[in-house]
Amino acid sequence: LVTAGPGDLTMTTTATQLFATVKQQDPLKINASGQLKVNAKSEVYVESDDGLTLGGLTSTSGDIRLTAGGNIQSGTGGGVTISAEGLNIATTQGSIGAAAAPVNVQLSDALHVASAPGDIYIASPNGGLALGSIGAGGFLGVAATGALTNWDQNGDSYHIVANGASFDASQGDARFDIGSDARAIGIRLTGGTLTLNGDNARVDVTNSASWMLGKVDLTHALDLSASGSFQLSGPFTAGDVTLHSDGAISAASGVELGAHGALTVTAASLSLAN
(Lines give C-alpha, C1' and ligand atoms only; values in the text may rest on other atoms or scores of the structure.)
Protein backbone atom coordinates (compact mmCIF):
# COMPACT_ATOMS: atom_id res chain seq x y z
CA LEU A 1 0.00 0.00 0.00
CA VAL A 2 3.04 2.32 0.12
CA THR A 3 2.39 3.73 -3.34
CA ALA A 4 -1.39 3.35 -3.36
CA GLY A 5 -3.13 6.35 -4.86
CA PRO A 6 -6.67 7.56 -5.48
CA GLY A 7 -8.81 4.80 -6.98
CA ASP A 8 -6.50 1.98 -5.82
CA LEU A 9 -8.45 1.15 -2.66
CA THR A 10 -12.20 0.55 -2.66
CA MET A 11 -14.15 0.09 0.58
CA THR A 12 -17.55 -1.61 0.72
CA THR A 13 -19.54 -2.00 3.91
CA THR A 14 -22.51 -4.10 4.91
CA ALA A 15 -24.38 -4.28 8.20
CA THR A 16 -21.80 -6.71 9.60
CA GLN A 17 -18.70 -6.62 7.35
CA LEU A 18 -16.15 -4.31 5.79
CA PHE A 19 -14.61 -5.31 2.45
CA ALA A 20 -11.40 -3.73 1.14
CA THR A 21 -10.42 -4.20 -2.50
CA VAL A 22 -6.92 -3.19 -3.59
CA LYS A 23 -6.12 -2.66 -7.26
CA GLN A 24 -3.46 -5.21 -8.21
CA GLN A 25 -0.16 -4.03 -9.64
CA ASP A 26 2.54 -6.07 -11.36
CA PRO A 27 5.65 -3.87 -11.41
CA LEU A 28 8.81 -4.49 -13.36
CA LYS A 29 11.42 -5.48 -10.76
CA ILE A 30 14.83 -3.93 -11.39
CA ASN A 31 18.06 -3.78 -9.38
CA ALA A 32 20.38 -1.46 -11.30
CA SER A 33 23.88 -0.41 -10.24
CA GLY A 34 23.92 2.35 -12.88
CA GLN A 35 21.27 4.83 -13.99
CA LEU A 36 17.74 3.75 -14.75
CA LYS A 37 16.16 5.16 -17.93
CA VAL A 38 12.61 4.32 -19.01
CA ASN A 39 10.51 5.62 -21.91
CA ALA A 40 6.92 4.44 -22.33
CA LYS A 41 3.69 5.56 -23.98
CA SER A 42 1.43 4.64 -21.05
CA GLU A 43 1.85 3.62 -17.40
CA VAL A 44 5.21 2.71 -15.87
CA TYR A 45 5.43 0.43 -12.79
CA VAL A 46 8.96 -0.11 -11.45
CA GLU A 47 10.10 -1.68 -8.20
CA SER A 48 13.62 -2.19 -6.82
CA ASP A 49 14.93 -3.91 -3.69
CA ASP A 50 17.83 -1.46 -3.64
CA GLY A 51 18.32 2.24 -4.19
CA LEU A 52 17.97 3.78 -7.66
CA THR A 53 19.67 6.52 -9.62
CA LEU A 54 17.21 7.93 -12.14
CA GLY A 55 18.58 8.87 -15.55
CA GLY A 56 15.20 9.91 -16.94
CA LEU A 57 11.77 8.26 -16.75
CA THR A 58 9.04 9.26 -19.22
CA SER A 59 5.42 8.25 -19.72
CA THR A 60 3.85 10.27 -22.53
CA SER A 61 0.23 9.52 -21.60
CA GLY A 62 0.13 7.79 -18.22
CA ASP A 63 1.30 7.69 -14.62
CA ILE A 64 4.62 6.50 -13.22
CA ARG A 65 4.82 4.44 -10.04
CA LEU A 66 8.25 3.87 -8.58
CA THR A 67 9.15 2.01 -5.38
CA ALA A 68 12.64 1.34 -4.04
CA GLY A 69 14.33 -0.17 -1.01
CA GLY A 70 17.01 2.51 -0.76
CA ASN A 71 17.80 6.08 -1.72
CA ILE A 72 16.15 7.36 -4.91
CA GLN A 73 18.58 9.79 -6.53
CA SER A 74 18.43 12.05 -9.56
CA GLY A 75 21.09 11.57 -12.21
CA THR A 76 19.80 14.22 -14.62
CA GLY A 77 21.36 17.34 -13.10
CA GLY A 78 19.13 20.33 -13.80
CA GLY A 79 17.11 18.42 -16.41
CA VAL A 80 13.78 16.69 -15.92
CA THR A 81 14.11 13.41 -14.03
CA ILE A 82 10.51 12.17 -14.34
CA SER A 83 7.90 13.25 -16.90
CA ALA A 84 4.37 11.84 -16.67
CA GLU A 85 0.75 12.63 -15.97
CA GLY A 86 0.92 11.62 -12.31
CA LEU A 87 3.63 10.25 -10.04
CA ASN A 88 3.71 7.85 -7.10
CA ILE A 89 7.25 7.61 -5.73
CA ALA A 90 8.30 5.87 -2.51
CA THR A 91 11.21 4.29 -0.75
CA THR A 92 11.11 2.06 2.31
CA GLN A 93 14.64 3.07 3.33
CA GLY A 94 16.56 6.31 2.81
CA SER A 95 15.58 9.51 1.01
CA ILE A 96 14.19 10.80 -2.25
CA GLY A 97 16.44 13.34 -3.96
CA ALA A 98 18.84 15.64 -2.13
CA ALA A 99 19.09 19.35 -1.40
CA ALA A 100 21.72 19.81 -4.12
CA ALA A 101 20.08 17.37 -6.54
CA PRO A 102 16.28 17.16 -6.20
CA VAL A 103 14.18 14.81 -8.29
CA ASN A 104 12.97 17.14 -11.05
CA VAL A 105 9.44 16.37 -12.23
CA GLN A 106 7.20 17.52 -15.05
CA LEU A 107 3.65 16.34 -14.28
CA SER A 108 0.48 17.25 -16.14
CA ASP A 109 -1.70 16.02 -13.26
CA ALA A 110 -0.10 15.87 -9.81
CA LEU A 111 2.48 14.42 -7.48
CA HIS A 112 0.02 11.80 -6.25
CA VAL A 113 2.21 10.15 -3.59
CA ALA A 114 5.73 10.69 -2.25
CA SER A 115 6.93 8.74 0.77
CA ALA A 116 10.31 8.24 2.46
CA PRO A 117 11.56 7.64 6.02
CA GLY A 118 14.31 10.18 5.31
CA ASP A 119 14.26 13.49 3.45
CA ILE A 120 12.34 14.31 0.27
CA TYR A 121 13.52 16.91 -2.25
CA ILE A 122 11.35 17.39 -5.34
CA ALA A 123 11.31 20.25 -7.85
CA SER A 124 9.19 21.22 -10.84
CA PRO A 125 11.53 23.30 -13.05
CA ASN A 126 9.01 23.90 -15.84
CA GLY A 127 5.87 25.07 -14.05
CA GLY A 128 3.64 24.60 -11.05
CA LEU A 129 3.00 21.44 -9.07
CA ALA A 130 -0.12 19.99 -7.45
CA LEU A 131 0.79 18.22 -4.20
CA GLY A 132 -0.93 15.01 -3.19
CA SER A 133 -0.11 12.78 -0.22
CA ILE A 134 3.47 13.35 0.94
CA GLY A 135 5.14 11.74 3.95
CA ALA A 136 8.74 12.49 4.92
CA GLY A 137 10.32 11.19 8.10
CA GLY A 138 12.90 13.93 7.66
CA PHE A 139 12.91 17.28 5.87
CA LEU A 140 10.70 18.10 2.88
CA GLY A 141 11.90 20.50 0.20
CA VAL A 142 9.50 21.37 -2.65
CA ALA A 143 10.26 23.95 -5.33
CA ALA A 144 8.39 24.97 -8.48
CA THR A 145 8.51 27.67 -11.15
CA GLY A 146 4.75 28.07 -10.80
CA ALA A 147 2.08 27.71 -8.13
CA LEU A 148 2.24 24.99 -5.48
CA THR A 149 -1.31 23.75 -4.93
CA ASN A 150 -3.27 21.31 -2.80
CA TRP A 151 -4.31 18.59 -5.30
CA ASP A 152 -8.08 18.55 -5.74
CA GLN A 153 -8.24 14.81 -4.97
CA ASN A 154 -6.97 15.33 -1.42
CA GLY A 155 -9.35 15.30 1.53
CA ASP A 156 -10.01 18.18 3.89
CA SER A 157 -7.35 17.17 6.44
CA TYR A 158 -3.58 17.63 6.13
CA HIS A 159 -2.01 15.84 3.15
CA ILE A 160 1.67 16.36 4.02
CA VAL A 161 3.76 15.10 6.96
CA ALA A 162 7.36 16.19 7.51
CA ASN A 163 9.94 17.18 10.10
CA GLY A 164 10.52 20.67 8.74
CA ALA A 165 9.65 21.87 5.24
CA SER A 166 10.50 24.44 2.58
CA PHE A 167 8.01 25.59 -0.08
CA ASP A 168 9.52 27.69 -2.86
CA ALA A 169 7.28 28.94 -5.68
CA SER A 170 9.51 31.29 -7.65
CA GLN A 171 11.57 31.76 -10.79
CA GLY A 172 13.96 34.66 -10.73
CA ASP A 173 11.93 37.76 -9.88
CA ALA A 174 8.61 36.00 -10.61
CA ARG A 175 6.68 34.74 -7.61
CA PHE A 176 3.73 32.33 -7.46
CA ASP A 177 1.16 31.23 -4.90
CA ILE A 178 1.59 28.54 -2.26
CA GLY A 179 -1.86 27.12 -1.59
CA SER A 180 -5.00 29.19 -2.14
CA ASP A 181 -7.88 30.69 -0.19
CA ALA A 182 -10.07 27.76 -1.27
CA ARG A 183 -7.50 25.02 -0.62
CA ALA A 184 -4.65 25.73 1.76
CA ILE A 185 -1.55 23.57 1.84
CA GLY A 186 -2.22 21.23 4.78
CA ILE A 187 0.86 19.98 6.61
CA ARG A 188 1.49 18.09 9.82
CA LEU A 189 4.87 19.06 11.25
CA THR A 190 6.62 16.70 13.64
CA GLY A 191 9.19 19.42 14.38
CA GLY A 192 11.73 21.45 12.46
CA THR A 193 11.37 24.74 10.61
CA LEU A 194 8.91 25.87 7.93
CA THR A 195 10.08 28.36 5.28
CA LEU A 196 8.04 29.99 2.52
CA ASN A 197 9.10 31.80 -0.66
CA GLY A 198 6.54 32.99 -3.21
CA ASP A 199 3.67 35.42 -3.83
CA ASN A 200 0.72 34.61 -1.54
CA ALA A 201 0.80 31.69 0.91
CA ARG A 202 -2.10 29.94 2.61
CA VAL A 203 -0.94 27.16 4.95
CA ASP A 204 -2.68 25.13 7.67
CA VAL A 205 -0.33 23.44 10.14
CA THR A 206 -1.13 20.55 12.43
CA ASN A 207 1.72 19.89 14.80
CA SER A 208 2.59 17.11 17.23
CA ALA A 209 5.76 18.83 18.48
CA SER A 210 7.25 22.31 18.67
CA TRP A 211 8.25 23.90 15.37
CA MET A 212 9.49 27.24 14.06
CA LEU A 213 8.31 29.53 11.29
CA GLY A 214 11.59 30.45 9.66
CA LYS A 215 12.35 32.68 6.70
CA VAL A 216 9.24 34.00 4.99
CA ASP A 217 9.74 35.93 1.73
CA LEU A 218 6.38 36.70 0.12
CA THR A 219 5.37 39.47 -2.27
CA HIS A 220 1.84 39.60 -0.92
CA ALA A 221 -0.22 37.91 1.81
CA LEU A 222 0.51 35.20 4.35
CA ASP A 223 -2.36 33.37 6.04
CA LEU A 224 -1.10 30.68 8.42
CA SER A 225 -3.19 28.75 10.92
CA ALA A 226 -1.71 26.26 13.40
CA SER A 227 -3.34 23.77 15.73
CA GLY A 228 -0.58 24.13 18.33
CA SER A 229 2.22 26.35 19.53
CA PHE A 230 5.04 27.62 17.34
CA GLN A 231 7.90 30.11 17.42
CA LEU A 232 8.76 32.87 14.96
CA SER A 233 12.42 32.79 13.97
CA GLY A 234 12.23 34.82 10.71
CA PRO A 235 13.28 36.93 8.98
CA PHE A 236 9.82 37.86 7.78
CA THR A 237 8.80 39.77 4.63
CA ALA A 238 5.18 39.81 3.38
CA GLY A 239 2.18 42.05 2.70
CA ASP A 240 -0.85 41.39 4.88
CA VAL A 241 0.01 38.80 7.52
CA THR A 242 -2.48 36.69 9.46
CA LEU A 243 -1.13 34.26 12.04
CA HIS A 244 -3.34 32.07 14.20
CA SER A 245 -2.55 29.38 16.76
CA ASP A 246 -4.76 27.37 19.07
CA GLY A 247 -1.69 27.32 21.32
CA ALA A 248 1.04 29.89 21.92
CA ILE A 249 2.96 32.06 19.47
CA SER A 250 6.36 33.26 20.60
CA ALA A 251 9.26 35.10 19.01
CA ALA A 252 12.87 35.42 20.06
CA SER A 253 14.51 38.78 20.48
CA GLY A 254 15.60 40.38 17.22
CA VAL A 255 13.12 38.64 14.92
CA GLU A 256 12.20 40.93 12.01
CA LEU A 257 8.46 41.00 11.27
CA GLY A 258 8.36 42.91 8.00
CA ALA A 259 4.62 43.06 7.26
CA HIS A 260 4.00 45.71 4.59
CA GLY A 261 0.23 45.60 5.18
CA ALA A 262 -1.98 44.62 8.11
CA LEU A 263 -0.58 42.32 10.80
CA THR A 264 -3.11 40.15 12.63
CA VAL A 265 -1.95 37.69 15.30
CA THR A 266 -4.32 35.56 17.40
CA ALA A 267 -3.32 32.82 19.83
CA ALA A 268 -4.06 31.34 23.24
CA SER A 269 -1.01 33.27 24.41
CA LEU A 270 1.52 35.65 22.83
CA SER A 271 5.14 36.26 23.73
CA LEU A 272 6.69 38.65 21.22
CA ALA A 273 10.01 40.03 22.41
CA ASN A 274 11.11 43.52 21.35
# chains A, B, ... in the order shown; residues from 1 in each chain; ligands from 1
$ residues_around --residues "Asn104 in chain A" --least-positions-apart "2" --cutoff "9 Å" --atoms "only C-alpha atoms" --output "PyMOL selection string"
chain A and resi 74+76-83+97+101-102+106+121-125
$ residues_around --residues "Ser271 in chain A" --least-positions-apart "5" --cutoff "7 Å" --atoms "only C-alpha atoms" --output "list in words"
Ile249, Ser250 and Ala251 of chain A
$ write_last_selection --atoms "N, CA, C and O atoms" --output "PDB file, in the first residue's frame"
ATOM      1  N   ILE A 249       2.037  31.549  20.481  1.00  0.00           N
ATOM      2  CA  ILE A 249       2.960  32.059  19.472  1.00  0.00           C
ATOM      3  C   ILE A 249       4.014  32.876  20.194  1.00  0.00           C
ATOM      4  O   ILE A 249       3.692  33.792  20.958  1.00  0.00           O
ATOM      5  N   SER A 250       5.268  32.538  19.966  1.00  0.00           N
ATOM      6  CA  SER A 250       6.363  33.261  20.604  1.00  0.00           C
ATOM      7  C   SER A 250       7.377  33.671  19.559  1.00  0.00           C
ATOM      8  O   SER A 250       7.405  33.140  18.452  1.00  0.00           O
ATOM      9  N   ALA A 251       8.199  34.639  19.912  1.00  0.00           N
ATOM     10  CA  ALA A 251       9.256  35.096  19.012  1.00  0.00           C
ATOM     11  C   ALA A 251      10.472  35.474  19.832  1.00  0.00           C
ATOM     12  O   ALA A 251      10.351  36.118  20.886  1.00  0.00           O
TER      13      ALA A 251
END
$ select_by_dssp --residues "range 99-237 of chain A" --states "strand (DSSP E)" --output "ChimeraX atom specification"
/A:103-116,120-124,129-136,140-144,148-150,160-162,165-171,174-175,185-189,193-198,201-207,212-218,222-226,230-232,236-237
$ closest_residue --among "A:Gly258, A:Gly228, A:Gly86, A:Gly94" --to "Asp246 in chain A" --atoms "only C-alpha atoms"
A:Gly228
$ residues_around --residues "Ala114 in chain A" --least-positions-apart "3" --cutoff "7 Å" --atoms "only C-alpha atoms" --output "ChimeraX atom specification"
/A:88-90,133-135
$ write_last_selection --atoms "N, CA, C and O atoms" --output "mmCIF file, in the first residue's frame"
data_model
loop_
_atom_site.group_PDB
_atom_site.id
_atom_site.type_symbol
_atom_site.label_atom_id
_atom_site.label_comp_id
_atom_site.auth_asym_id
_atom_site.auth_seq_id
_atom_site.Cartn_x
_atom_site.Cartn_y
_atom_site.Cartn_z
ATOM 1 N N ASN A 88 3.636 8.446 -8.438
ATOM 2 C CA ASN A 88 3.709 7.851 -7.105
ATOM 3 C C ASN A 88 5.149 7.402 -6.919
ATOM 4 O O ASN A 88 5.633 6.548 -7.671
ATOM 5 N N ILE A 89 5.836 7.937 -5.936
ATOM 6 C CA ILE A 89 7.247 7.607 -5.725
ATOM 7 C C ILE A 89 7.477 7.355 -4.241
ATOM 8 O O ILE A 89 7.037 8.139 -3.398
ATOM 9 N N ALA A 90 8.130 6.227 -3.919
ATOM 10 C CA ALA A 90 8.298 5.871 -2.515
ATOM 11 C C ALA A 90 9.543 5.024 -2.324
ATOM 12 O O ALA A 90 9.944 4.260 -3.203
ATOM 13 N N SER A 133 -0.466 13.302 -1.542
ATOM 14 C CA SER A 133 -0.112 12.778 -0.223
ATOM 15 C C SER A 133 1.402 12.617 -0.126
ATOM 16 O O SER A 133 1.996 11.829 -0.859
ATOM 17 N N ILE A 134 2.012 13.355 0.793
ATOM 18 C CA ILE A 134 3.469 13.351 0.937
ATOM 19 C C ILE A 134 3.818 13.054 2.390
ATOM 20 O O ILE A 134 3.304 13.713 3.311
ATOM 21 N N GLY A 135 4.699 12.076 2.605
ATOM 22 C CA GLY A 135 5.140 11.742 3.946
ATOM 23 C C GLY A 135 6.647 11.616 4.010
ATOM 24 O O GLY A 135 7.226 10.729 3.375
#
$ residues_around --residues "range 31-33 of chain A" --least-positions-apart "6" --cutoff "8 Å" --atoms "only C-alpha atoms" --output "list in words"
Ser48, Asp49, Asp50, Gly51 and Leu52 of chain A
$ closest_residue --among "A:Ser61, A:Thr149, A:Asn154, A:Thr206" --to "Gly179 in chain A" --atoms "only C-alpha atoms"
A:Thr149
$ closest_residue --among "A:Asn207, A:Asn163, A:Thr53, A:Thr67" --to "Val103 in chain A" --atoms "only C-alpha atoms"
A:Thr53
$ closest_residue --among "A:Gly34, A:Gly75, A:Gly247, A:Gly146" --to "Leu54 in chain A" --atoms "only C-alpha atoms"
A:Gly75
